[in-house]
file input18.tsv (TSV, C-alpha atoms (C1' of nucleotides))
chain	number	residue	atom	x	y	z
A	1	MET	CA	64.87	113.48	77.59
A	2	LYS	CA	67.01	116.16	79.20
A	3	VAL	CA	69.69	114.77	81.49
A	4	LEU	CA	71.44	116.67	84.25
A	5	PHE	CA	74.80	115.33	85.38
A	6	MET	CA	76.56	115.70	88.70
A	7	GLY	CA	80.04	114.39	89.31
A	8	THR	CA	83.58	115.36	90.12
A	9	PRO	CA	86.58	113.00	89.73
A	10	ASP	CA	87.71	110.87	86.80
A	11	PHE	CA	85.35	108.09	87.88
A	12	ALA	CA	82.48	110.44	87.11
A	13	LEU	CA	84.12	111.77	83.98
A	14	GLU	CA	83.95	108.32	82.42
A	15	SER	CA	80.16	108.33	82.90
A	16	LEU	CA	79.69	111.86	81.63
A	17	GLN	CA	81.70	111.04	78.57
A	18	ALA	CA	79.63	107.91	77.95
A	19	ILE	CA	76.26	109.63	78.07
A	20	TYR	CA	77.58	112.52	76.00
A	21	GLU	CA	78.82	110.15	73.33
A	22	ALA	CA	75.61	108.12	73.53
A	23	GLY	CA	73.84	111.28	72.42
A	24	PHE	CA	71.86	112.18	75.51
A	25	ASP	CA	70.76	115.80	75.79
A	26	ILE	CA	72.80	117.10	78.72
A	27	CYS	CA	71.24	120.28	80.10
A	28	GLY	CA	73.77	120.97	82.84
A	29	VAL	CA	76.81	119.67	84.68
A	30	TYR	CA	77.32	120.09	88.41
A	31	THR	CA	80.74	119.58	89.94
A	32	GLN	CA	82.63	120.57	93.07
A	33	PRO	CA	84.06	124.10	93.16
A	34	ASP	CA	87.70	124.47	92.12
A	35	LYS	CA	89.88	123.91	95.13
A	36	PRO	CA	93.46	124.65	96.04
A	37	ALA	CA	95.24	121.36	95.65
A	38	LYS	CA	98.64	119.77	95.35
A	39	ARG	CA	102.01	121.40	95.64
A	40	GLY	CA	101.78	125.16	95.63
A	41	MET	CA	98.07	124.94	96.46
A	42	LYS	CA	97.03	125.92	92.96
A	43	LEU	CA	93.35	126.18	92.19
A	44	THR	CA	92.42	122.97	90.42
A	45	ALA	CA	89.33	122.26	88.33
A	46	SER	CA	87.75	118.81	88.42
A	47	PRO	CA	88.11	116.43	85.46
A	48	VAL	CA	84.36	116.66	84.94
A	49	LYS	CA	84.52	120.45	84.73
A	50	LEU	CA	87.33	120.41	82.21
A	51	TYR	CA	85.44	118.00	79.98
A	52	ALA	CA	82.17	119.91	80.27
A	53	LEU	CA	83.86	123.15	79.30
A	54	GLU	CA	85.54	121.46	76.36
A	55	LYS	CA	82.15	120.23	75.12
A	56	GLY	CA	80.46	123.55	75.79
A	57	LEU	CA	78.13	122.17	78.47
A	58	PRO	CA	76.90	124.60	81.13
A	59	VAL	CA	78.84	124.10	84.37
A	60	PHE	CA	77.58	124.79	87.91
A	61	GLN	CA	79.74	124.67	91.04
A	62	PRO	CA	77.64	125.56	94.06
A	63	ALA	CA	79.50	125.34	97.35
A	64	LYS	CA	76.36	124.16	99.15
A	65	LEU	CA	73.13	122.49	98.05
A	66	ARG	CA	71.16	122.25	101.27
A	67	ASN	CA	69.00	125.21	102.30
A	68	GLU	CA	70.08	127.34	99.37
A	69	PRO	CA	66.90	128.53	97.62
A	70	GLU	CA	68.78	130.20	94.79
A	71	VAL	CA	70.76	127.08	94.04
A	72	LEU	CA	67.54	125.04	93.96
A	73	GLU	CA	65.85	127.56	91.67
A	74	GLU	CA	68.77	127.55	89.31
A	75	PHE	CA	68.72	123.76	89.34
A	76	LYS	CA	65.00	123.59	88.58
A	77	ALA	CA	65.32	126.17	85.83
A	78	LEU	CA	67.47	123.80	83.81
A	79	GLY	CA	64.36	121.70	83.28
A	80	ALA	CA	65.99	118.31	83.58
A	81	ASP	CA	63.76	115.28	83.07
A	82	ILE	CA	66.23	113.07	84.88
A	83	ALA	CA	69.37	113.68	86.92
A	84	VAL	CA	72.42	111.52	87.45
A	85	ALA	CA	74.96	111.75	90.27
A	86	VAL	CA	78.25	109.86	90.02
A	87	ALA	CA	80.87	110.50	92.68
A	88	TYR	CA	79.71	114.06	93.07
A	89	GLY	CA	81.01	114.48	96.58
A	90	LYS	CA	77.98	115.99	98.25
A	91	LEU	CA	74.80	114.51	99.67
A	92	ILE	CA	71.90	115.78	97.56
A	93	PRO	CA	69.06	117.25	99.63
A	94	GLU	CA	65.59	115.81	99.43
A	95	ASP	CA	63.92	118.85	97.86
A	96	MET	CA	66.38	118.65	94.99
A	97	LEU	CA	65.84	114.91	94.57
A	98	GLU	CA	62.09	115.49	94.36
A	99	SER	CA	62.34	118.29	91.82
A	100	VAL	CA	63.32	115.96	88.98
A	101	PRO	CA	60.27	114.36	87.25
A	102	MET	CA	61.81	111.05	86.14
A	103	GLY	CA	64.00	110.63	89.16
A	104	PHE	CA	67.52	111.11	90.40
A	105	ILE	CA	69.77	108.17	89.76
A	106	ASN	CA	73.24	107.19	90.90
A	107	ILE	CA	76.07	104.86	89.98
A	108	HIS	CA	77.75	103.25	92.99
A	109	GLY	CA	80.98	101.23	92.97
A	110	SER	CA	79.75	98.14	94.76
A	111	LEU	CA	77.12	95.43	94.64
A	112	LEU	CA	74.54	97.09	96.85
A	113	PRO	CA	73.40	96.74	99.54
A	114	LYS	CA	76.98	95.80	100.38
A	115	TYR	CA	79.45	98.61	100.90
A	116	ARG	CA	77.30	101.68	101.12
A	117	GLY	CA	79.43	104.76	101.63
A	118	SER	CA	82.35	106.60	100.17
A	119	ALA	CA	84.99	103.89	99.75
A	120	PRO	CA	83.18	100.86	98.31
A	121	ILE	CA	85.91	99.77	95.93
A	122	GLN	CA	88.66	99.97	98.54
A	123	TRP	CA	86.64	97.84	100.95
A	124	THR	CA	85.80	95.32	98.26
A	125	VAL	CA	89.52	94.68	97.84
A	126	LEU	CA	90.44	95.10	101.52
A	127	ASN	CA	88.01	92.37	102.48
A	128	GLY	CA	89.26	90.02	99.80
A	129	GLU	CA	85.92	89.86	98.00
A	130	GLU	CA	85.85	87.59	94.96
A	131	LEU	CA	83.30	89.80	93.25
A	132	GLY	CA	83.10	93.54	92.87
A	133	GLY	CA	80.74	95.55	90.77
A	134	VAL	CA	78.66	98.62	90.13
A	135	THR	CA	75.02	99.32	90.89
A	136	SER	CA	72.62	101.82	89.39
A	137	MET	CA	69.86	103.01	91.67
A	138	TYR	CA	67.42	105.77	92.47
A	139	LEU	CA	68.80	108.16	95.04
A	140	ALA	CA	67.12	108.24	98.43
A	141	PRO	CA	67.67	110.84	101.15
A	142	GLU	CA	69.75	108.32	103.07
A	143	MET	CA	73.25	107.63	101.71
A	144	ASP	CA	73.29	104.88	99.05
A	145	ALA	CA	70.02	103.45	100.31
A	146	GLY	CA	67.85	103.89	97.22
A	147	ASP	CA	66.01	101.29	95.16
A	148	ILE	CA	68.23	99.27	92.85
A	149	ILE	CA	67.67	99.47	89.10
A	150	ASP	CA	70.47	97.31	87.74
A	151	MET	CA	73.93	96.00	88.57
A	152	VAL	CA	76.95	94.44	86.95
A	153	SER	CA	79.46	92.24	88.78
A	154	THR	CA	83.05	91.44	87.92
A	155	PRO	CA	85.59	89.07	89.48
A	156	VAL	CA	88.41	90.68	91.46
A	157	GLY	CA	91.89	89.48	90.43
A	158	GLU	CA	94.20	87.72	92.88
A	159	TYR	CA	96.51	90.71	93.16
A	160	GLU	CA	94.23	93.35	91.70
A	161	THR	CA	94.65	96.69	93.42
A	162	TYR	CA	91.98	99.14	94.38
A	163	GLY	CA	93.26	101.45	91.65
A	164	GLU	CA	93.03	98.80	88.96
A	165	LEU	CA	89.54	97.75	90.01
A	166	TYR	CA	88.54	101.41	90.18
A	167	ASP	CA	89.67	101.95	86.61
A	168	ARG	CA	87.72	98.92	85.43
A	169	LEU	CA	84.60	99.80	87.38
A	170	LYS	CA	84.47	103.35	86.10
A	171	VAL	CA	84.18	101.97	82.58
A	172	ILE	CA	81.67	99.30	83.57
A	173	GLY	CA	79.79	101.94	85.54
A	174	ALA	CA	79.66	104.26	82.55
A	175	GLU	CA	78.22	101.48	80.39
A	176	LEU	CA	75.72	100.62	83.09
A	177	LEU	CA	74.64	104.25	83.30
A	178	VAL	CA	73.92	104.44	79.59
A	179	LYS	CA	71.99	101.17	79.75
A	180	THR	CA	70.06	102.33	82.80
A	181	LEU	CA	69.13	105.66	81.23
A	182	LYS	CA	67.88	103.91	78.13
A	183	SER	CA	65.81	101.50	80.17
A	184	ILE	CA	64.22	104.38	82.04
A	185	GLU	CA	63.58	106.22	78.81
A	186	ASN	CA	61.73	103.30	77.26
A	187	GLY	CA	59.97	102.35	80.48
A	188	THR	CA	61.55	98.97	81.10
A	189	ALA	CA	63.50	99.97	84.21
A	190	THR	CA	62.58	98.21	87.43
A	191	ARG	CA	63.17	99.22	91.02
A	192	THR	CA	64.02	96.80	93.79
A	193	PRO	CA	64.36	97.91	97.39
A	194	GLN	CA	67.59	96.97	99.15
A	195	ASP	CA	67.44	94.10	101.65
A	196	PRO	CA	68.15	95.75	105.02
A	197	ALA	CA	69.60	92.50	106.37
A	198	LEU	CA	72.46	92.57	103.84
A	199	VAL	CA	73.50	96.19	104.28
A	200	SER	CA	77.16	96.88	105.04
A	201	TYR	CA	79.20	100.04	105.00
A	202	ALA	CA	82.43	101.23	103.41
A	203	PRO	CA	83.61	104.15	105.50
A	204	PRO	CA	86.32	106.48	104.24
A	205	LEU	CA	89.88	105.38	104.93
A	206	HIS	CA	92.26	107.37	107.08
A	207	ARG	CA	95.94	107.51	107.81
A	208	GLU	CA	95.58	105.19	110.77
A	209	ASP	CA	94.20	102.48	108.47
A	210	CYS	CA	97.45	102.37	106.49
A	211	PRO	CA	100.06	100.62	108.68
A	212	ILE	CA	100.33	96.91	107.94
A	213	ASP	CA	99.47	94.55	110.77
A	214	TRP	CA	102.00	91.77	110.25
A	215	THR	CA	100.29	89.48	112.73
A	216	ARG	CA	97.48	88.90	110.25
A	217	PRO	CA	97.63	86.01	107.79
A	218	ALA	CA	99.70	86.63	104.66
A	219	ARG	CA	96.69	86.69	102.36
A	220	ARG	CA	94.99	89.31	104.50
A	221	VAL	CA	98.12	91.45	104.46
A	222	ILE	CA	98.13	91.27	100.67
A	223	ASP	CA	94.46	92.30	100.58
A	224	HIS	CA	95.34	95.25	102.80
A	225	ILE	CA	98.16	96.32	100.49
A	226	CYS	CA	96.05	95.90	97.35
A	227	GLY	CA	93.04	97.64	98.87
A	228	LEU	CA	95.02	100.76	99.66
A	229	ALA	CA	97.08	100.95	96.45
A	230	PRO	CA	97.83	103.34	94.94
A	231	LYS	CA	96.24	105.78	97.40
A	232	PRO	CA	96.63	106.21	100.28
A	233	ALA	CA	98.94	103.14	100.20
A	234	ALA	CA	99.67	100.65	102.96
A	235	THR	CA	102.70	101.50	105.08
A	236	ALA	CA	105.37	99.49	106.84
A	237	GLN	CA	108.11	100.49	109.20
A	238	PHE	CA	111.62	99.12	108.66
A	239	GLY	CA	114.34	100.57	110.83
A	240	GLU	CA	113.82	104.31	111.03
A	241	GLU	CA	111.92	104.65	107.80
A	242	THR	CA	108.25	104.29	107.01
A	243	PHE	CA	107.70	102.89	103.54
A	244	LYS	CA	104.63	102.96	101.39
A	245	ILE	CA	103.93	99.49	100.05
A	246	TYR	CA	102.28	99.26	96.65
A	247	ALA	CA	102.52	95.64	95.58
A	248	ALA	CA	103.31	92.26	97.05
A	249	VAL	CA	102.86	88.60	96.27
A	250	MET	CA	102.55	85.51	98.45
A	251	GLY	CA	105.90	84.12	99.60
A	252	CYS	CA	106.83	80.87	101.26
A	253	GLU	CA	106.68	79.28	104.70
A	254	THR	CA	108.83	80.75	107.45
A	255	ASP	CA	109.51	80.26	111.15
A	256	LEU	CA	110.34	83.88	111.78
A	257	PRO	CA	108.01	86.02	113.91
A	258	ALA	CA	105.51	88.33	112.20
A	259	GLY	CA	107.03	91.50	110.79
A	260	LYS	CA	110.58	90.16	110.50
A	261	ILE	CA	112.41	90.35	107.20
A	262	VAL	CA	112.92	86.82	105.88
A	263	GLU	CA	115.15	87.61	102.92
A	264	GLN	CA	116.03	90.20	100.31
A	265	THR	CA	116.22	88.93	96.78
A	266	LYS	CA	116.16	90.36	93.31
A	267	HIS	CA	112.41	89.75	93.37
A	268	GLY	CA	111.75	91.76	96.47
A	269	LEU	CA	111.67	91.86	100.21
A	270	ALA	CA	110.14	88.87	101.98
A	271	VAL	CA	108.48	89.61	105.32
A	272	ALA	CA	106.96	87.12	107.75
A	273	CYS	CA	103.25	87.31	108.50
A	274	GLY	CA	101.11	85.91	111.28
A	275	ASP	CA	100.23	82.53	109.80
A	276	GLY	CA	103.76	81.23	109.23
A	277	LYS	CA	103.83	82.44	105.65
A	278	SER	CA	105.63	85.40	104.15
A	279	ILE	CA	104.78	87.98	101.56
A	280	VAL	CA	107.23	89.40	99.06
A	281	ILE	CA	107.06	93.15	98.69
A	282	THR	CA	107.68	93.94	95.04
A	283	GLU	CA	107.00	97.66	94.87
A	284	LEU	CA	107.53	100.35	97.47
A	285	GLN	CA	108.36	103.98	98.12
A	286	ALA	CA	110.72	105.45	100.69
A	287	PRO	CA	110.08	108.82	102.36
A	288	GLY	CA	110.81	111.59	99.86
A	289	GLY	CA	111.52	109.08	97.14
A	290	LYS	CA	109.74	107.79	94.13
A	291	ARG	CA	107.66	104.70	93.86
A	292	MET	CA	109.84	101.90	92.52
A	293	LYS	CA	110.40	98.16	92.29
A	294	THR	CA	111.82	96.79	95.52
A	295	ALA	CA	114.70	95.30	93.55
A	296	ASP	CA	115.66	98.75	92.26
A	297	TYR	CA	115.45	100.24	95.72
A	298	LEU	CA	117.70	97.56	97.17
A	299	ARG	CA	120.48	98.35	94.67
A	300	GLY	CA	121.12	101.62	96.41
A	301	HIS	CA	119.80	101.03	99.93
A	302	LYS	CA	119.79	98.53	102.72
A	303	ILE	CA	116.66	97.59	104.59
A	304	SER	CA	116.73	95.92	107.97
A	305	ASN	CA	114.68	95.46	111.07
B	306	C	C1'	104.01	133.18	97.68
B	307	G	C1'	101.41	126.59	102.50
B	308	C	C1'	105.68	122.95	104.62
B	309	G	C1'	109.68	119.58	103.42
B	310	G	C1'	112.82	116.05	100.27
B	311	G	C1'	115.25	115.28	95.58
B	312	G	C1'	117.71	115.70	90.19
B	313	U	C1'	125.40	112.30	89.69
B	314	A	C1'	126.33	106.12	83.64
B	315	G	C1'	120.49	102.25	81.27
B	316	A	C1'	118.42	101.39	87.02
B	317	G	C1'	119.04	102.43	92.35
B	318	C	C1'	122.46	105.29	95.31
B	319	A	C1'	127.26	107.48	97.72
B	320	G	C1'	130.20	111.74	97.28
B	321	U	C1'	128.15	118.13	98.82
B	322	U	C1'	129.13	119.46	105.87
B	323	C	C1'	135.19	120.98	105.29
B	324	G	C1'	135.90	122.90	96.96
B	325	G	C1'	141.34	119.40	94.73
B	326	U	C1'	141.75	112.24	90.01
B	327	A	C1'	133.80	110.39	88.94
B	328	G	C1'	132.75	106.06	93.06
B	329	C	C1'	129.28	101.77	94.87
B	330	U	C1'	125.44	97.92	94.00
B	331	C	C1'	123.15	96.15	89.55
B	332	G	C1'	122.36	95.97	84.34
B	333	U	C1'	124.88	95.77	79.55
B	334	C	C1'	129.06	93.99	76.17
B	335	G	C1'	133.42	90.61	75.72
B	336	G	C1'	136.24	86.60	77.86
B	337	G	C1'	136.97	82.59	81.62
B	338	C	C1'	135.22	78.61	85.04
B	339	U	C1'	131.18	74.94	85.15
B	340	C	C1'	127.22	69.13	83.37
B	341	A	C1'	124.81	73.71	84.31
B	342	U	C1'	123.17	78.56	86.28
B	343	A	C1'	119.89	84.20	88.05
B	344	A	C1'	126.31	81.62	90.95
B	345	C	C1'	131.72	82.78	90.67
B	346	C	C1'	136.41	85.11	88.31
B	347	C	C1'	138.72	88.67	84.66
B	348	G	C1'	138.21	92.73	81.35
B	349	G	C1'	135.51	96.76	78.53
B	350	A	C1'	131.93	100.43	77.12
B	351	G	C1'	128.77	103.94	79.02
B	352	G	C1'	128.74	110.88	82.74
B	353	U	C1'	127.79	118.24	79.31
B	354	C	C1'	127.19	115.63	87.96
B	355	A	C1'	118.91	118.88	85.90
B	356	U	C1'	119.50	123.86	83.23
B	357	G	C1'	121.86	128.81	82.88
B	358	U	C1'	128.91	127.90	78.19
B	359	G	C1'	125.52	132.40	85.32
B	360	G	C1'	128.64	134.22	89.85
B	361	U	C1'	132.99	133.34	93.32
B	362	U	C1'	137.77	130.62	92.72
B	363	C	C1'	144.21	128.73	90.61
B	364	A	C1'	140.37	124.88	90.88
B	365	A	C1'	133.09	123.71	91.58
B	366	A	C1'	129.09	117.56	91.62
B	367	U	C1'	130.57	120.36	96.17
B	368	C	C1'	129.94	127.41	97.80
B	369	C	C1'	126.36	131.68	95.84
B	370	C	C1'	122.22	133.26	92.46
B	371	A	C1'	118.22	132.20	89.01
B	372	U	C1'	115.17	128.75	86.34
B	373	C	C1'	112.98	123.96	85.05
B	374	C	C1'	111.38	119.11	86.46
B	375	C	C1'	110.23	115.10	90.06
B	376	C	C1'	108.52	113.30	95.07
B	377	G	C1'	106.18	113.49	100.01
B	378	C	C1'	102.96	116.18	103.52
B	379	A	C1'	98.88	119.21	103.87
B	380	A	C1'	94.05	120.27	101.43

call {"tool": "encode", "arguments": {"input": "input18.tsv", "output": "C-alpha cells"}}
result
Amino acid sequence: MKVLFMGTPDFALESLQAIYEAGFDICGVYTQPDKPAKRGMKLTASPVKLYALEKGLPVFQPAKLRNEPEVLEEFKALGADIAVAVAYGKLIPEDMLESVPMGFINIHGSLLPKYRGSAPIQWTVLNGEELGGVTSMYLAPEMDAGDIIDMVSTPVGEYETYGELYDRLKVIGAELLVKTLKSIENGTATRTPQDPALVSYAPPLHREDCPIDWTRPARRVIDHICGLAPKPAATAQFGEETFKIYAAVMGCETDLPAGKIVEQTKHGLAVACGDGKSIVITELQAPGGKRMKTADYLRGHKISN
RNA sequence: CGCGGGGUAGAGCAGUUCGGUAGCUCGUCGGGCUCAUAACCCGGAGGUCAUGUGGUUCAAAUCCCAUCCCCGCAA
C-alpha cells in the first residue's frame, strides 16, 4: 500500500515519522512552500520537509492545489493508494480527494464533530473542556466534515496549556494514524458520519482574542491563559506595559474589583477576577523581555495598576 | 539587507543621556534573634560590565566601529 503524506508543522512531523517508522511505503510528501519567517525574514523550510529530505522521500511544495492541472497530474503520477493530510495548511480540492483509490484521510486535533476548524486544541482548552482528543476521518470537500474512522480521547489537566496538550495530541495522533492506516489496509476500518447537531467550530485566534477580560470568573480567566499559551499568549495591561501571561493558578477570595492587583508575593502576582476570586500569575513576559517566572520579574521591576 | 528592544554577580534589574570608586532587589555562605519561620538584624563570598587584549581618551559599563547571541513585532 503506497501512502502519500501531506503536512507542514511539527504536529504533522510526528505523524510522518510514525508511519515511516511503522514501515509504510511513502511515495511522496507534500508540504507548504518555504516561506520567509522570523527575524531577518529568512526562508524557512517546514519540519516535515526537513525530515522528508533527511529520509530521502520525494518532496513537493506546490503553492496552489485548486485548478492547477499540472499539480494534479504530478499528484496522480505518484500512484498513491491512500493519502494522509495532517495539518497541511491548505484545503484539498475535490478532484484531488477523488483521485486516491483507498481514500484521503486526516488526523484532526479534537473529538469531532466538536471543534471543526484550524484551532481545535486551543478551543478545547479555552472552553475548559475536561476531554480533548484526536480523530481520524475521511476527508470531505467541506472542512473537517468527513466520516469518522476512529478517535482517541484524553483528559485535559487542570492547568494544562494549549502547548502541552498539543504536544501530547501530536503523539496520540501519530499513533492513531498508524492504527487507522492498518485498519484500512486489512479492511476493518469503519466510517461513521458526523452528527450535524453536535457540530461546533474552532476558528483561528487573533490578536484581539488575547487581552484578558478580568470581569470573567477566575477559572475562566485561567482557561483563557492556558488556551493561548505559549502562542499567541494571553495579555494583560498593568500601568503602561502590556504583558504576555503564560501561566497562572487559582488564588484566594478578594473584595477588590476585577483587574486590580491584590498582592505581589514570591509566588507571583495576584489579580482580582469577576467572581470575587483572584488568580496568581506565575509566569509572564514584559515587552522586549524574555519569558520568566513572575517572582524573577518582580526582583527587578515594580508592577502596579 | 523588513521594523524595534536587549546582553552588567547564580536570578531579575539600575547605572549609559552628560566618560571619573561596580550598585539595587533576591539567592547563596557564616553568625545573631526567636518556641518557631519563607520574618528580622549583622557580616562574607561571588563581575574579563556579550565578544574583539578593536578605536578615541589621562581615564570607557558609558562615546565610535565590527562581530556573536537573545527577545518582541511583522509574515

call {"tool": "residues_around", "arguments": {"input": "input18.tsv", "residues": "G360 of chain B", "least_positions_apart": "5", "cutoff": "12 Å", "atoms": "only C-alpha atoms (C1' of nucleotides)", "output": "mmCIF file with C-alpha atoms (C1' of nucleotides), in the frame of the given file"}}
result
data_model
loop_
_atom_site.group_PDB
_atom_site.id
_atom_site.type_symbol
_atom_site.label_atom_id
_atom_site.label_comp_id
_atom_site.auth_asym_id
_atom_site.auth_seq_id
_atom_site.Cartn_x
_atom_site.Cartn_y
_atom_site.Cartn_z
ATOM 1 C "C1'" A B 365 133.090 123.710 91.580
ATOM 2 C "C1'" C B 368 129.940 127.410 97.800
ATOM 3 C "C1'" C B 369 126.360 131.680 95.840
ATOM 4 C "C1'" C B 370 122.220 133.260 92.460
ATOM 5 C "C1'" A B 371 118.220 132.200 89.010
#

call {"tool": "interface_residues", "arguments": {"input": "input18.tsv", "of": "chain B", "to": "chain A", "cutoff": "10 Å", "atoms": "all atoms listed in the file", "output": "ChimeraX atom specification"}}
result
/B:306-311,316-319,329-331,343,375-380

call {"tool": "write_last_selection", "arguments": {"input": "input18.tsv", "atoms": "C-alpha atoms (C1' of nucleotides)", "output": "PDB file, in the frame of the given file"}}
result
ATOM      1  C1'   C B 306     104.010 133.180  97.680  1.00  0.00           C
ATOM      2  C1'   G B 307     101.410 126.590 102.500  1.00  0.00           C
ATOM      3  C1'   C B 308     105.680 122.950 104.620  1.00  0.00           C
ATOM      4  C1'   G B 309     109.680 119.580 103.420  1.00  0.00           C
ATOM      5  C1'   G B 310     112.820 116.050 100.270  1.00  0.00           C
ATOM      6  C1'   G B 311     115.250 115.280  95.580  1.00  0.00           C
ATOM      7  C1'   A B 316     118.420 101.390  87.020  1.00  0.00           C
ATOM      8  C1'   G B 317     119.040 102.430  92.350  1.00  0.00           C
ATOM      9  C1'   C B 318     122.460 105.290  95.310  1.00  0.00           C
ATOM     10  C1'   A B 319     127.260 107.480  97.720  1.00  0.00           C
ATOM     11  C1'   C B 329     129.280 101.770  94.870  1.00  0.00           C
ATOM     12  C1'   U B 330     125.440  97.920  94.000  1.00  0.00           C
ATOM     13  C1'   C B 331     123.150  96.150  89.550  1.00  0.00           C
ATOM     14  C1'   A B 343     119.890  84.200  88.050  1.00  0.00           C
ATOM     15  C1'   C B 375     110.230 115.100  90.060  1.00  0.00           C
ATOM     16  C1'   C B 376     108.520 113.300  95.070  1.00  0.00           C
ATOM     17  C1'   G B 377     106.180 113.490 100.010  1.00  0.00           C
ATOM     18  C1'   C B 378     102.960 116.180 103.520  1.00  0.00           C
ATOM     19  C1'   A B 379      98.880 119.210 103.870  1.00  0.00           C
ATOM     20  C1'   A B 380      94.050 120.270 101.430  1.00  0.00           C
TER      21        A B 380
END

call {"tool": "atom_distance", "arguments": {"input": "input18.tsv", "atom1": "atom CA of Lys170 of chain A", "atom2": "atom CA of Leu72 of chain A"}}
result
28.6 Å

call {"tool": "residues_around", "arguments": {"input": "input18.tsv", "residues": "segment 51-62 of chain A", "least_positions_apart": "6", "cutoff": "10 Å", "atoms": "only C-alpha atoms (C1' of nucleotides)", "output": "PyMOL selection string"}}
result
chain A and resi 5-6+13+16-17+20+26-34+68+71+74-75+78

call {"tool": "residues_around", "arguments": {"input": "input18.tsv", "residues": "Arg116 of chain A", "least_positions_apart": "2", "cutoff": "12 Å", "atoms": "only C-alpha atoms (C1' of nucleotides)", "output": "PyMOL selection string"}}
result
chain A and resi 107-114+118-124+134-135+142-146+194+196+198-204

call {"tool": "write_last_selection", "arguments": {"input": "input18.tsv", "atoms": "C-alpha atoms", "output": "compact mmCIF listing (two decimals), keeping the file's coordinate frame"}}
result
# COMPACT_ATOMS: atom_id res chain seq x y z
CA ILE A 107 76.07 104.86 89.98
CA HIS A 108 77.75 103.25 92.99
CA GLY A 109 80.98 101.23 92.97
CA SER A 110 79.75 98.14 94.76
CA LEU A 111 77.12 95.43 94.64
CA LEU A 112 74.54 97.09 96.85
CA PRO A 113 73.40 96.74 99.54
CA LYS A 114 76.98 95.80 100.38
CA SER A 118 82.35 106.60 100.17
CA ALA A 119 84.99 103.89 99.75
CA PRO A 120 83.18 100.86 98.31
CA ILE A 121 85.91 99.77 95.93
CA GLN A 122 88.66 99.97 98.54
CA TRP A 123 86.64 97.84 100.95
CA THR A 124 85.80 95.32 98.26
CA VAL A 134 78.66 98.62 90.13
CA THR A 135 75.02 99.32 90.89
CA GLU A 142 69.75 108.32 103.07
CA MET A 143 73.25 107.63 101.71
CA ASP A 144 73.29 104.88 99.05
CA ALA A 145 70.02 103.45 100.31
CA GLY A 146 67.85 103.89 97.22
CA GLN A 194 67.59 96.97 99.15
CA PRO A 196 68.15 95.75 105.02
CA LEU A 198 72.46 92.57 103.84
CA VAL A 199 73.50 96.19 104.28
CA SER A 200 77.16 96.88 105.04
CA TYR A 201 79.20 100.04 105.00
CA ALA A 202 82.43 101.23 103.41
CA PRO A 203 83.61 104.15 105.50
CA PRO A 204 86.32 106.48 104.24

call {"tool": "atom_distance", "arguments": {"input": "input18.tsv", "atom1": "atom CA of Leu269 of chain A", "atom2": "atom CA of Pro155 of chain A"}}
result
28.3 Å

call {"tool": "closest_residue", "arguments": {"input": "input18.tsv", "among": "A:Pro69, A:Pro101, A:Gly163, A:Pro93", "to": "Asp81 of chain A", "atoms": "only C-alpha atoms"}}
result
A:Pro101

call {"tool": "residues_around", "arguments": {"input": "input18.tsv", "residues": "G335 of chain B", "least_positions_apart": "3", "cutoff": "12 Å", "atoms": "only C-alpha atoms (C1' of nucleotides)", "output": "list in words"}}
result
C347, G348, G349 and A350 of chain B

call {"tool": "residues_near_point", "arguments": {"input": "input18.tsv", "point": "(74.1, 105.7, 80.0)", "cutoff": "9 Å", "atoms": "only C-alpha atoms (C1' of nucleotides)", "output": "list in words"}}
result
Ser15, Leu16, Ala18, Ile19, Tyr20, Ala22, Phe24, Gly173, Ala174, Glu175, Leu176, Leu177, Val178, Lys179, Thr180, Leu181 and Lys182 of chain A

call {"tool": "atom_distance", "arguments": {"input": "input18.tsv", "atom1": "atom CA of Gly133 of chain A", "atom2": "atom CA of Leu169 of chain A"}}
result
6.7 Å
